[in-house]
file run.cif (mmCIF, C-alpha atoms)
data_coords
#
loop_
_atom_site.label_atom_id
_atom_site.label_comp_id
_atom_site.auth_asym_id
_atom_site.auth_seq_id
_atom_site.Cartn_x
_atom_site.Cartn_y
_atom_site.Cartn_z
CA MET J 258 115.51 141.65 222.57
CA LEU J 259 114.32 138.80 224.78
CA VAL J 260 116.18 140.26 227.77
CA ALA J 261 114.71 143.71 227.05
CA ALA J 262 111.20 142.22 226.78
CA ALA J 263 111.55 140.51 230.17
CA GLY J 264 112.88 143.71 231.72
CA TRP J 265 109.92 145.62 230.28
CA GLY J 266 107.48 143.15 231.78
CA ALA J 267 109.16 143.37 235.18
CA ASN J 268 109.19 147.15 235.54
CA GLN J 269 105.98 148.29 233.79
CA PHE J 270 104.07 147.92 237.07
CA SER J 271 106.29 150.24 239.13
CA PRO J 272 105.03 153.68 237.96
CA LEU J 273 101.39 152.54 238.24
CA LEU J 274 101.36 152.18 242.03
CA ALA J 275 99.70 155.54 242.63
CA ALA J 276 97.17 154.87 239.84
CA TYR J 277 96.14 151.56 241.45
CA ARG J 278 95.56 153.28 244.77
CA ARG J 279 93.57 156.05 243.13
CA GLN J 280 91.47 154.13 240.58
CA LEU J 281 90.95 150.75 242.26
CA GLY J 282 90.80 152.04 245.83
CA LEU J 283 93.54 149.68 246.99
CA SER J 284 95.16 150.44 250.32
CA ALA J 285 98.81 151.40 250.64
CA ALA J 286 99.49 148.01 252.24
CA ALA J 287 97.82 146.16 249.35
CA VAL J 288 99.78 148.08 246.72
CA THR J 289 103.03 147.54 248.61
CA GLY J 290 102.24 143.83 248.85
CA LEU J 291 101.64 143.63 245.09
CA PHE J 292 104.97 145.33 244.50
CA ALA J 293 106.79 143.01 246.91
CA ILE J 294 105.25 139.73 245.69
CA TYR J 295 107.36 140.16 242.56
CA VAL J 296 110.39 139.18 244.64
CA CYS J 297 108.61 136.00 245.77
CA GLY J 298 108.61 134.91 242.13
CA LEU J 299 112.01 136.34 241.30
CA VAL J 300 114.00 134.31 243.82
CA PRO J 301 112.77 130.88 242.64
CA GLY J 302 113.21 132.06 239.05
CA LEU J 303 116.84 132.87 239.74
CA LEU J 304 117.59 129.76 241.76
CA LEU J 305 115.95 127.42 239.26
CA GLY J 306 116.76 129.32 236.08
CA GLY J 307 120.52 129.38 236.62
CA PRO J 308 121.07 125.64 237.23
CA GLY J 309 118.38 124.85 234.66
CA ALA J 310 120.16 126.86 231.98
CA ASP J 311 123.47 125.14 232.75
CA ARG J 312 121.84 121.71 232.47
CA LEU J 313 119.20 122.19 229.76
CA GLY J 314 120.67 125.03 227.72
CA ARG J 315 120.02 128.76 227.64
CA ARG J 316 117.56 128.92 224.76
CA ARG J 317 114.64 126.94 226.10
CA ILE J 318 114.82 128.59 229.55
CA VAL J 319 114.81 132.13 228.11
CA LEU J 320 112.07 131.49 225.54
CA GLY J 321 109.86 129.88 228.16
CA ALA J 322 110.47 132.73 230.59
CA VAL J 323 109.54 135.44 228.06
CA ALA J 324 106.35 133.52 227.21
CA LEU J 325 105.55 133.40 230.95
CA SER J 326 106.18 137.15 231.15
CA ALA J 327 103.61 137.77 228.41
CA VAL J 328 101.01 135.54 230.13
CA SER J 329 101.66 137.40 233.39
CA THR J 330 100.96 140.71 231.65
CA PHE J 331 97.55 139.36 230.59
CA ALA J 332 96.86 138.71 234.28
CA LEU J 333 97.90 142.25 235.21
CA MET J 334 95.25 143.61 232.83
CA GLY J 335 92.56 142.33 235.19
CA ASP J 336 91.18 144.49 237.96
CA ALA J 337 90.96 141.75 240.60
CA PRO J 338 93.70 141.82 243.26
CA ALA J 339 94.13 138.05 242.91
CA LEU J 340 94.92 138.43 239.19
CA LEU J 341 97.31 141.27 239.92
CA ALA J 342 99.10 139.12 242.48
CA LEU J 343 99.42 136.22 240.02
CA GLY J 344 100.67 138.58 237.36
CA ARG J 345 103.31 140.05 239.63
CA LEU J 346 104.40 136.61 240.82
CA GLY J 347 104.74 135.35 237.24
CA SER J 348 106.59 138.49 236.15
CA GLY J 349 109.09 137.97 238.94
CA ALA J 350 109.65 134.31 238.08
CA ALA J 351 110.14 135.16 234.40
CA MET J 352 112.56 137.95 235.21
CA GLY J 353 114.59 135.74 237.52
CA ALA J 354 114.97 133.05 234.86
CA VAL J 355 115.95 135.59 232.20
CA LEU J 356 118.45 137.32 234.48
CA ALA J 357 120.19 134.00 235.09
CA ALA J 358 119.94 132.32 231.70
CA GLY J 359 119.61 135.38 229.47
CA SER J 360 122.70 137.15 230.81
CA ALA J 361 124.75 134.00 230.24
CA TRP J 362 123.27 133.53 226.75
CA VAL J 363 124.05 137.12 225.71
CA LYS J 364 127.60 136.80 227.03
CA GLU J 365 128.23 133.58 225.11
CA LEU J 366 126.70 134.95 221.90
CA SER J 367 129.10 137.90 222.24
CA HIS J 368 132.23 135.73 222.05
CA PRO J 369 133.78 133.35 219.51
CA PRO J 370 132.61 131.41 217.60
CA PHE J 371 129.36 133.39 217.53
CA ASP J 372 130.92 136.87 217.45
CA PRO J 373 134.69 136.68 216.81
CA ALA J 374 135.11 140.46 216.65
CA ALA J 375 133.54 141.27 220.03
CA ALA J 376 135.62 142.82 222.81
CA PRO J 377 136.19 140.77 226.00
CA THR J 378 133.69 142.88 227.96
CA ALA J 379 131.08 143.00 225.19
CA GLY J 380 128.87 140.28 226.65
CA ALA J 381 128.46 141.92 230.05
CA ARG J 382 127.95 145.33 228.46
CA ARG J 383 125.30 144.08 226.03
CA ALA J 384 123.40 142.22 228.74
CA SER J 385 123.43 145.35 230.88
CA LEU J 386 122.28 147.53 227.98
CA LEU J 387 119.39 145.25 227.02
CA LEU J 388 118.16 144.84 230.58
CA THR J 389 118.43 148.55 231.34
CA ALA J 390 116.64 149.49 228.11
CA GLY J 391 113.70 147.24 229.00
CA PHE J 392 113.53 148.53 232.57
CA GLY J 393 113.82 152.20 231.65
CA VAL J 394 111.60 152.52 228.58
CA SER J 395 108.80 150.45 230.13
CA GLY J 396 108.60 152.71 233.15
CA LEU J 397 108.36 155.84 231.04
CA VAL J 398 105.82 154.44 228.57
CA ALA J 399 103.62 152.88 231.26
CA ALA J 400 103.65 156.09 233.30
CA PHE J 401 102.65 158.28 230.35
CA LEU J 402 99.87 155.88 229.33
CA ALA J 403 98.63 155.74 232.92
CA GLN J 404 98.66 159.54 233.13
CA TRP J 405 96.87 160.36 229.87
CA ALA J 406 95.57 157.26 227.98
CA PRO J 407 92.01 155.91 228.23
CA ALA J 408 91.57 152.79 230.38
CA PRO J 409 95.12 153.35 231.66
CA LEU J 410 95.43 150.21 233.77
CA PHE J 411 94.68 148.16 230.66
CA THR J 412 96.38 150.24 227.97
CA ALA J 413 99.65 150.55 229.88
CA TYR J 414 100.32 146.82 229.41
CA LEU J 415 99.69 146.56 225.66
CA PRO J 416 103.22 147.60 224.55
CA HIS J 417 104.78 144.73 226.47
CA LEU J 418 102.57 142.15 224.78
CA GLY J 419 103.63 143.41 221.36
CA LEU J 420 107.31 143.49 222.33
CA ALA J 421 107.20 139.97 223.77
CA VAL J 422 105.65 138.52 220.59
CA VAL J 423 108.20 140.28 218.36
CA ALA J 424 111.09 139.16 220.57
CA LEU J 425 109.98 135.53 220.51
CA VAL J 426 109.63 135.58 216.71
CA PHE J 427 113.07 137.12 216.18
CA ALA J 428 114.63 134.66 218.65
CA VAL J 429 113.72 131.62 216.56
CA PRO J 430 117.01 131.55 214.55
CA LEU J 431 119.26 132.24 217.55
CA PRO J 432 121.62 129.34 218.29
CA GLU J 433 121.98 127.46 221.56
CA THR J 434 125.35 128.26 223.14
CA ALA J 435 125.35 125.68 225.94
CA PRO J 436 123.85 122.32 224.90
CA ALA J 437 122.14 120.23 227.54
CA ARG J 438 124.57 118.43 229.81
CA ALA J 439 124.83 117.02 233.28
CA GLY J 440 125.84 119.71 235.75
CA ASN J 441 128.60 119.23 238.31
CA GLY J 442 127.15 121.75 240.78
CA ALA J 443 130.19 124.08 240.61
CA SER J 444 129.36 127.78 240.51
CA GLY J 445 132.48 129.68 241.59
CA ILE J 446 130.80 131.25 244.62
CA ARG J 447 133.72 130.25 246.84
CA ASP J 448 136.21 132.07 244.64
CA PRO J 449 137.83 134.87 246.72
CA ARG J 450 137.30 137.33 243.87
CA PHE J 451 133.54 136.79 244.08
CA ARG J 452 133.43 137.20 247.86
CA ARG J 453 135.81 140.15 248.05
CA LEU J 454 134.95 142.10 244.90
CA VAL J 455 131.59 141.15 243.43
CA ALA J 456 129.53 140.49 246.57
CA PRO J 457 130.16 143.91 248.25
CA VAL J 458 129.27 145.81 245.08
CA ALA J 459 126.21 143.74 244.09
CA PRO J 460 123.61 145.24 246.50
CA TRP J 461 124.40 148.74 245.26
CA VAL J 462 123.39 147.74 241.71
CA PHE J 463 119.68 148.03 242.54
CA ALA J 464 119.91 150.10 245.71
CA ALA J 465 120.84 153.10 243.56
CA PRO J 466 117.94 152.97 241.05
CA SER J 467 115.36 151.89 243.63
CA ILE J 468 116.17 154.96 245.73
CA GLY J 469 116.16 157.07 242.56
CA PHE J 470 112.66 156.16 241.39
CA ALA J 471 110.96 154.84 244.54
CA VAL J 472 112.18 157.30 247.22
CA LEU J 473 113.20 160.60 245.63
CA PRO J 474 109.90 161.31 243.77
CA GLY J 475 108.02 161.10 247.06
CA LEU J 476 110.37 163.64 248.64
CA VAL J 477 109.52 166.28 246.00
CA ALA J 478 105.84 165.35 245.46
CA GLY J 479 104.69 168.66 246.94
CA HIS J 480 105.89 170.49 243.81
CA LEU J 481 104.39 168.10 241.21
CA LYS J 482 100.73 169.30 241.26
CA GLY J 483 98.91 166.22 239.95
CA PHE J 484 101.70 164.90 237.70
CA GLU J 485 103.04 162.35 240.17
CA THR J 486 102.56 159.36 237.84
CA ALA J 487 104.22 161.01 234.85
CA TYR J 488 107.09 162.23 237.03
CA ALA J 489 107.61 158.69 238.35
CA GLY J 490 108.01 157.49 234.77
CA VAL J 491 110.45 160.27 233.97
CA ALA J 492 112.46 159.40 237.09
CA ILE J 493 112.71 155.77 236.00
CA ALA J 494 113.78 156.81 232.50
CA MET J 495 116.40 159.22 233.85
CA VAL J 496 117.90 156.61 236.17
CA LEU J 497 118.04 153.78 233.68
CA GLY J 498 118.69 155.98 230.64
CA SER J 499 121.87 157.30 232.20
CA GLY J 500 122.78 153.69 232.97
CA LEU J 501 122.67 153.10 229.23
CA LEU J 502 124.52 156.26 228.23
CA ILE J 503 127.37 155.64 230.68
CA GLN J 504 128.41 152.43 228.92
CA PRO J 505 130.90 154.03 226.46
CA LEU J 506 132.68 155.62 229.42
CA GLY J 507 132.56 152.25 231.16
CA ARG J 508 134.46 150.71 228.25
CA ARG J 509 137.20 153.31 228.55
CA LEU J 510 137.40 152.85 232.31
CA ALA J 511 137.60 149.06 231.89
CA ALA J 512 140.70 149.55 229.75
CA ARG J 513 142.42 150.89 232.89
CA GLY J 514 141.32 147.92 234.98
CA VAL J 515 137.97 146.48 235.95
CA LEU J 516 138.28 147.79 239.52
CA THR J 517 138.24 151.29 238.10
CA VAL J 518 134.72 150.59 236.84
CA ALA J 519 133.58 149.44 240.29
CA VAL J 520 135.12 152.36 242.16
CA SER J 521 133.75 154.88 239.66
CA GLY J 522 130.29 153.34 239.91
CA LEU J 523 130.27 153.42 243.70
CA GLY J 524 131.59 156.97 243.67
CA ALA J 525 128.77 158.02 241.35
CA ILE J 526 126.22 156.37 243.65
CA ALA J 527 127.63 158.22 246.66
CA THR J 528 127.45 161.51 244.74
CA GLY J 529 123.90 160.78 243.58
CA LEU J 530 122.78 160.08 247.14
CA LEU J 531 124.23 163.41 248.28
CA LEU J 532 122.32 165.14 245.48
CA GLY J 533 119.24 163.25 246.66
CA ALA J 534 119.78 164.68 250.15
CA ALA J 535 119.92 168.15 248.59
CA ALA J 536 116.65 167.44 246.76
CA ALA J 537 115.06 166.37 250.05
CA VAL J 538 116.10 169.65 251.66
CA SER J 539 115.01 171.88 248.76
CA GLY J 540 111.98 169.88 247.61
CA GLN J 541 112.88 170.66 244.00
CA PRO J 542 111.96 167.99 241.38
CA VAL J 543 114.78 169.12 239.06
CA VAL J 544 117.40 168.44 241.74
CA ALA J 545 115.91 164.98 242.30
CA LEU J 546 116.15 164.27 238.56
CA ALA J 547 119.80 165.34 238.61
CA ALA J 548 120.36 162.86 241.43
CA ASP J 549 118.59 160.20 239.34
CA VAL J 550 121.01 160.76 236.47
CA VAL J 551 124.06 160.29 238.69
CA LEU J 552 122.56 157.29 240.49
CA GLY J 553 121.78 155.72 237.12
CA ALA J 554 125.37 156.18 235.98
CA GLY J 555 126.54 154.38 239.12
CA TYR J 556 124.04 151.58 238.49
CA GLY J 557 125.26 151.12 234.90
CA LEU J 558 128.92 150.91 235.91
CA CYS J 559 128.32 148.56 238.85
CA VAL J 560 126.18 146.09 236.90
CA THR J 561 128.75 145.97 234.08
CA PHE J 562 131.52 145.38 236.60
CA GLY J 563 129.60 142.56 238.27
CA LEU J 564 128.69 140.73 235.07
CA THR J 565 132.25 141.09 233.72
CA GLU J 566 133.78 139.60 236.86
CA VAL J 567 131.22 136.80 237.01
CA GLY J 568 132.16 135.87 233.46
CA LYS J 569 135.81 135.57 234.51
CA ILE J 570 135.16 133.67 237.73
CA ALA J 571 132.52 131.14 236.66
CA PRO J 572 133.86 127.61 236.01
CA PRO J 573 132.98 125.75 232.79
CA GLY J 574 129.32 124.85 232.88
CA GLY J 575 128.59 127.17 235.82
CA LEU J 576 128.13 130.59 234.22
CA ALA J 577 124.34 130.77 234.49
CA ARG J 578 124.45 129.46 238.06
CA LEU J 579 126.92 132.09 239.24
CA THR J 580 125.09 134.78 237.28
CA ALA J 581 121.91 133.85 239.16
CA ILE J 582 123.72 134.19 242.49
CA PHE J 583 125.04 137.60 241.47
CA TRP J 584 121.56 138.84 240.52
CA ALA J 585 120.12 137.48 243.76
CA LEU J 586 122.65 139.61 245.66
CA THR J 587 121.80 142.68 243.58
CA TYR J 588 118.14 142.40 244.50
CA ILE J 589 119.03 142.92 248.14
CA GLY J 590 119.30 146.54 247.05
CA PHE J 591 115.57 146.64 246.35
CA CYS J 592 115.08 146.60 250.12
CA ALA J 593 116.55 150.12 250.25
CA PRO J 594 113.17 151.95 249.98
CA TYR J 595 111.73 149.80 252.77
CA LEU J 596 114.79 150.41 254.95
CA PHE J 597 114.43 154.10 254.16
CA ALA J 598 110.81 154.00 255.38
CA LEU J 599 111.81 152.22 258.59
CA LEU J 600 114.57 154.69 259.35
CA GLY J 601 112.21 157.58 258.64
CA SER J 602 110.84 157.31 262.16
CA VAL J 603 114.23 158.08 263.71
CA ALA J 604 116.00 160.26 261.13
CA SER J 605 115.14 162.80 258.45
CA PRO J 606 115.45 161.93 254.72
CA PRO J 607 118.55 164.12 254.18
CA VAL J 608 120.32 162.40 257.08
CA ILE J 609 119.40 158.92 255.80
CA LEU J 610 120.56 159.72 252.27
CA THR J 611 123.80 161.25 253.52
CA GLY J 612 124.47 158.16 255.64
CA ALA J 613 123.83 155.93 252.61
CA ALA J 614 126.28 158.03 250.60
CA GLY J 615 128.89 157.42 253.29
CA LEU J 616 128.32 153.66 253.08
CA ALA J 617 128.75 153.72 249.31
CA ALA J 618 132.00 155.67 249.70
CA VAL J 619 133.27 153.19 252.28
CA THR J 620 132.50 150.33 249.87
CA ALA J 621 134.38 152.16 247.11
CA ILE J 622 137.46 152.34 249.36
CA ALA J 623 137.16 148.81 250.76
CA VAL J 624 136.87 146.92 247.47
CA PRO J 625 140.33 147.86 246.11
CA LEU J 626 141.87 147.23 249.53
CA ARG J 627 140.34 143.75 249.70
CA HIS J 628 141.57 143.09 246.19
CA ARG J 629 145.16 143.86 247.20
#
call {"tool": "encode", "arguments": {"input": "run.cif", "output": "structure tokens"}}
result
Amino acid sequence: MLVAAAGWGANQFSPLLAAYRRQLGLSAAAVTGLFAIYVCGLVPGLLLGGPGADRLGRRRIVLGAVALSAVSTFALMGDAPALLALGRLGSGAAMGAVLAAGSAWVKELSHPPFDPAAAPTAGARRASLLLTAGFGVSGLVAAFLAQWAPAPLFTAYLPHLGLAVVALVFAVPLPETAPARAGNGASGIRDPRFRRLVAPVAPWVFAAPSIGFAVLPGLVAGHLKGFETAYAGVAIAMVLGSGLLIQPLGRRLAARGVLTVAVSGLGAIATGLLLGAAAAVSGQPVVALAADVVLGAGYGLCVTFGLTEVGKIAPPGGLARLTAIFWALTYIGFCAPYLFALLGSVASPPVILTGAAGLAAVTAIAVPLRHR
């Protein structure tokens, strides 16, 4: 629940971008800057949270990060741009620490002696499920509140405050899985499996959903007739909801070999991008939502693959550190909408999306070859 609460706090801002421009009169550059400053907090959170969790233990890092996430939401309730910037910065730092320490904590709680009956891939799958649930539900709830609730830019943040308090209360009895110890600095980043398998797949983890809910809605906005904010929330829910629902299939694919999960995920992303190109041509919101579903399935498979491999590669005492490095690589994918905007001056959206689909397909072919 702590991981879900942090994910909620990180993504509740995304569907409100249009509302901030409309109700507070912020410029497009200001809103984009508020969205991007999240990464300025995320990177230090990852880089400090991973080593900190390996040295000090998972529990105190995660609890402190979720508390910071709640305080940051209080800041986001203010109308002043400075408060919004502080809130976004704090949300990013909290999310980075939880991604690093929380993913490792969930994985360790999902194995003996804490859970003797869990499958080998249970930890990675549970971490992915919790994170995706927080990301997806928050976007939908915040969008609907922003579309129809009174005082939307205040009301939209109330659910996260309640969830954070409940999560912190229920986390009190959870055990520490990695007691404080002196770290040796080893992370496993030099392992060939990380460089050849995990690193090429990692950027696609967030490239797929960021295109799904940050690019595709804008391409079909002409058919939405005043429901842009609600549609943005639905797009987020479709992307991340399918990432949740694909997990049972991911378990069956993992039984055939973990590379099958990676190749299937990349194939789904390539297919989703082609559907996105079709949505750009037709301008139909339903086609864009279909693309979101397929992109979300690819996201779910790729993140499970990455966390599973990181769990195998990380040396003793280095799991949170390597997990932080993996998440840092995944967030490269969040640059996809900005790259899309830059390329928009030289190519049409269908061409850009088709080219991205080709890159995903090439990655799907290259990863098994590099493994051999």
call {"tool": "closest_residue", "arguments": {"input": "run.cif", "among": "J:Leu305, J:Leu530, J:Ala535, J:Ala471", "to": "Glu485 of chain J", "atoms": "all atoms listed in the file"}}
result
J:Ala471
call {"tool": "resolve_selection", "arguments": {"input": "run.cif", "expression": "the PyMOL selection byres ((chain J and resi 583) around 9)", "output": "list in words"}}
result
Ala357, Phe451, Val455, Ala456, Ala459, Gly563, Leu564, Val567, Arg578, Leu579, Thr580, Ala581, Ile582, Trp584, Ala585, Leu586, Thr587 and Tyr588 of chain J
call {"tool": "residues_around", "arguments": {"input": "run.cif", "residues": "Ser521 of chain J", "least_positions_apart": "3", "cutoff": "9 Å", "atoms": "all atoms listed in the file", "output": "PyMOL selection string"}}
result
chain J and resi 507+510+516-518+524-526+555+558-559+621
call {"tool": "atom_distance", "arguments": {"input": "run.cif", "atom1": "atom CA of Val462 of chain J", "atom2": "atom CA of Ala527 of chain J"}}
result
12.3 Å
call {"tool": "resolve_selection", "arguments": {"input": "run.cif", "expression": "the PyMOL selection byres ((chain J and resi 472-482) around 9)", "output": "JSON, numbers by chain"}}
result
{"J": [467, 468, 469, 470, 471, 483, 484, 485, 488, 489, 492, 533, 534, 536, 537, 538, 539, 540, 541, 542, 545, 546, 548, 549, 593, 594, 597, 598, 606]}
call {"tool": "residues_around", "arguments": {"input": "run.cif", "residues": "segment 390-392 of chain J", "least_positions_apart": "3", "cutoff": "6 Å", "atoms": "only C-alpha atoms", "output": "PDB file with C-alpha atoms, in the coordinates of the input"}}
result
ATOM      1  CA  ALA J 261     114.710 143.710 227.050  1.00  0.00           C
ATOM      2  CA  GLY J 264     112.880 143.710 231.720  1.00  0.00           C
ATOM      3  CA  TRP J 265     109.920 145.620 230.280  1.00  0.00           C
ATOM      4  CA  ASN J 268     109.190 147.150 235.540  1.00  0.00           C
ATOM      5  CA  LEU J 386     122.280 147.530 227.980  1.00  0.00           C
ATOM      6  CA  LEU J 387     119.390 145.250 227.020  1.00  0.00           C
ATOM      7  CA  SER J 395     108.800 150.450 230.130  1.00  0.00           C
TER       8      SER J 395
END
call {"tool": "closest_residue", "arguments": {"input": "run.cif", "among": "J:Ala403, J:Leu531, J:Ala435, J:Val398", "to": "Val544 of chain J", "atoms": "all atoms listed in the file"}}
result
J:Leu531
call {"tool": "atom_distance", "arguments": {"input": "run.cif", "atom1": "atom CA of Ser271 of chain J", "atom2": "atom CA of Ser605 of chain J"}}
result
24.7 Å
call {"tool": "atom_distance", "arguments": {"input": "run.cif", "atom1": "atom CA of Thr330 of chain J", "atom2": "atom CA of Asp311 of chain J"}}
result
27.4 Å
call {"tool": "axis_aligned_box", "arguments": {"input": "run.cif", "around": "segment 401-420 of chain J", "padding_each_side": "8 Å", "output": "AutoDock Vina command-line options"}}
result
--center_x 99.4 --center_y 151.3 --center_z 227.6 --size_x 31.7 --size_y 34.2 --size_z 28.4
call {"tool": "resolve_selection", "arguments": {"input": "run.cif", "expression": "the PyMOL selection byres ((chain J and resi 345-352) around 8)", "output": "number ranges by chain"}}
result
J: 263-264, 266-267, 291-292, 294-303, 322-323, 325-326, 329-330, 333, 341-344, 353-356
call {"tool": "closest_residue", "arguments": {"input": "run.cif", "among": "J:Leu420, J:Ala384, J:Ala361, J:Val394", "to": "Ser499 of chain J", "atoms": "all atoms listed in the file"}}
result
J:Val394
call {"tool": "build_atoms", "arguments": {"input": "run.cif", "residues": "segment 333-347 of chain J", "atoms": "N, CA and C atoms", "output": "short mmCIF file (atom, residue, chain, number, x, y, z; two decimals), keeping the file's coordinate frame"}}
result
data_model
loop_
_atom_site.label_atom_id
_atom_site.label_comp_id
_atom_site.auth_asym_id
_atom_site.auth_seq_id
_atom_site.Cartn_x
_atom_site.Cartn_y
_atom_site.Cartn_z
N LEU J 333 97.86 140.90 234.65
CA LEU J 333 97.90 142.25 235.21
C LEU J 333 96.84 143.16 234.61
N MET J 334 96.30 142.80 233.45
CA MET J 334 95.25 143.61 232.83
C MET J 334 93.92 143.48 233.57
N GLY J 335 93.79 142.49 234.42
CA GLY J 335 92.56 142.33 235.19
C GLY J 335 92.53 143.26 236.39
N ASP J 336 91.33 143.56 236.84
CA ASP J 336 91.18 144.49 237.96
C ASP J 336 91.17 143.80 239.32
N ALA J 337 91.06 142.48 239.33
CA ALA J 337 90.96 141.75 240.60
C ALA J 337 92.32 141.66 241.27
N PRO J 338 92.41 141.92 242.56
CA PRO J 338 93.70 141.82 243.26
C PRO J 338 94.35 140.45 243.12
N ALA J 339 93.55 139.38 243.05
CA ALA J 339 94.13 138.05 242.91
C ALA J 339 94.85 137.91 241.57
N LEU J 340 94.26 138.47 240.50
CA LEU J 340 94.92 138.43 239.19
C LEU J 340 96.19 139.27 239.19
N LEU J 341 96.12 140.42 239.84
CA LEU J 341 97.31 141.27 239.92
C LEU J 341 98.43 140.55 240.66
N ALA J 342 98.09 139.86 241.73
CA ALA J 342 99.10 139.12 242.48
C ALA J 342 99.72 138.01 241.63
N LEU J 343 98.89 137.28 240.89
CA LEU J 343 99.42 136.22 240.02
C LEU J 343 100.30 136.82 238.93
N GLY J 344 99.87 137.94 238.39
CA GLY J 344 100.67 138.58 237.36
C GLY J 344 102.03 139.03 237.87
N ARG J 345 102.05 139.61 239.05
CA ARG J 345 103.31 140.05 239.63
C ARG J 345 104.20 138.86 239.97
N LEU J 346 103.62 137.80 240.49
CA LEU J 346 104.40 136.61 240.82
C LEU J 346 105.02 136.01 239.56
N GLY J 347 104.22 135.89 238.49
CA GLY J 347 104.74 135.35 237.24
C GLY J 347 105.79 136.24 236.61
#
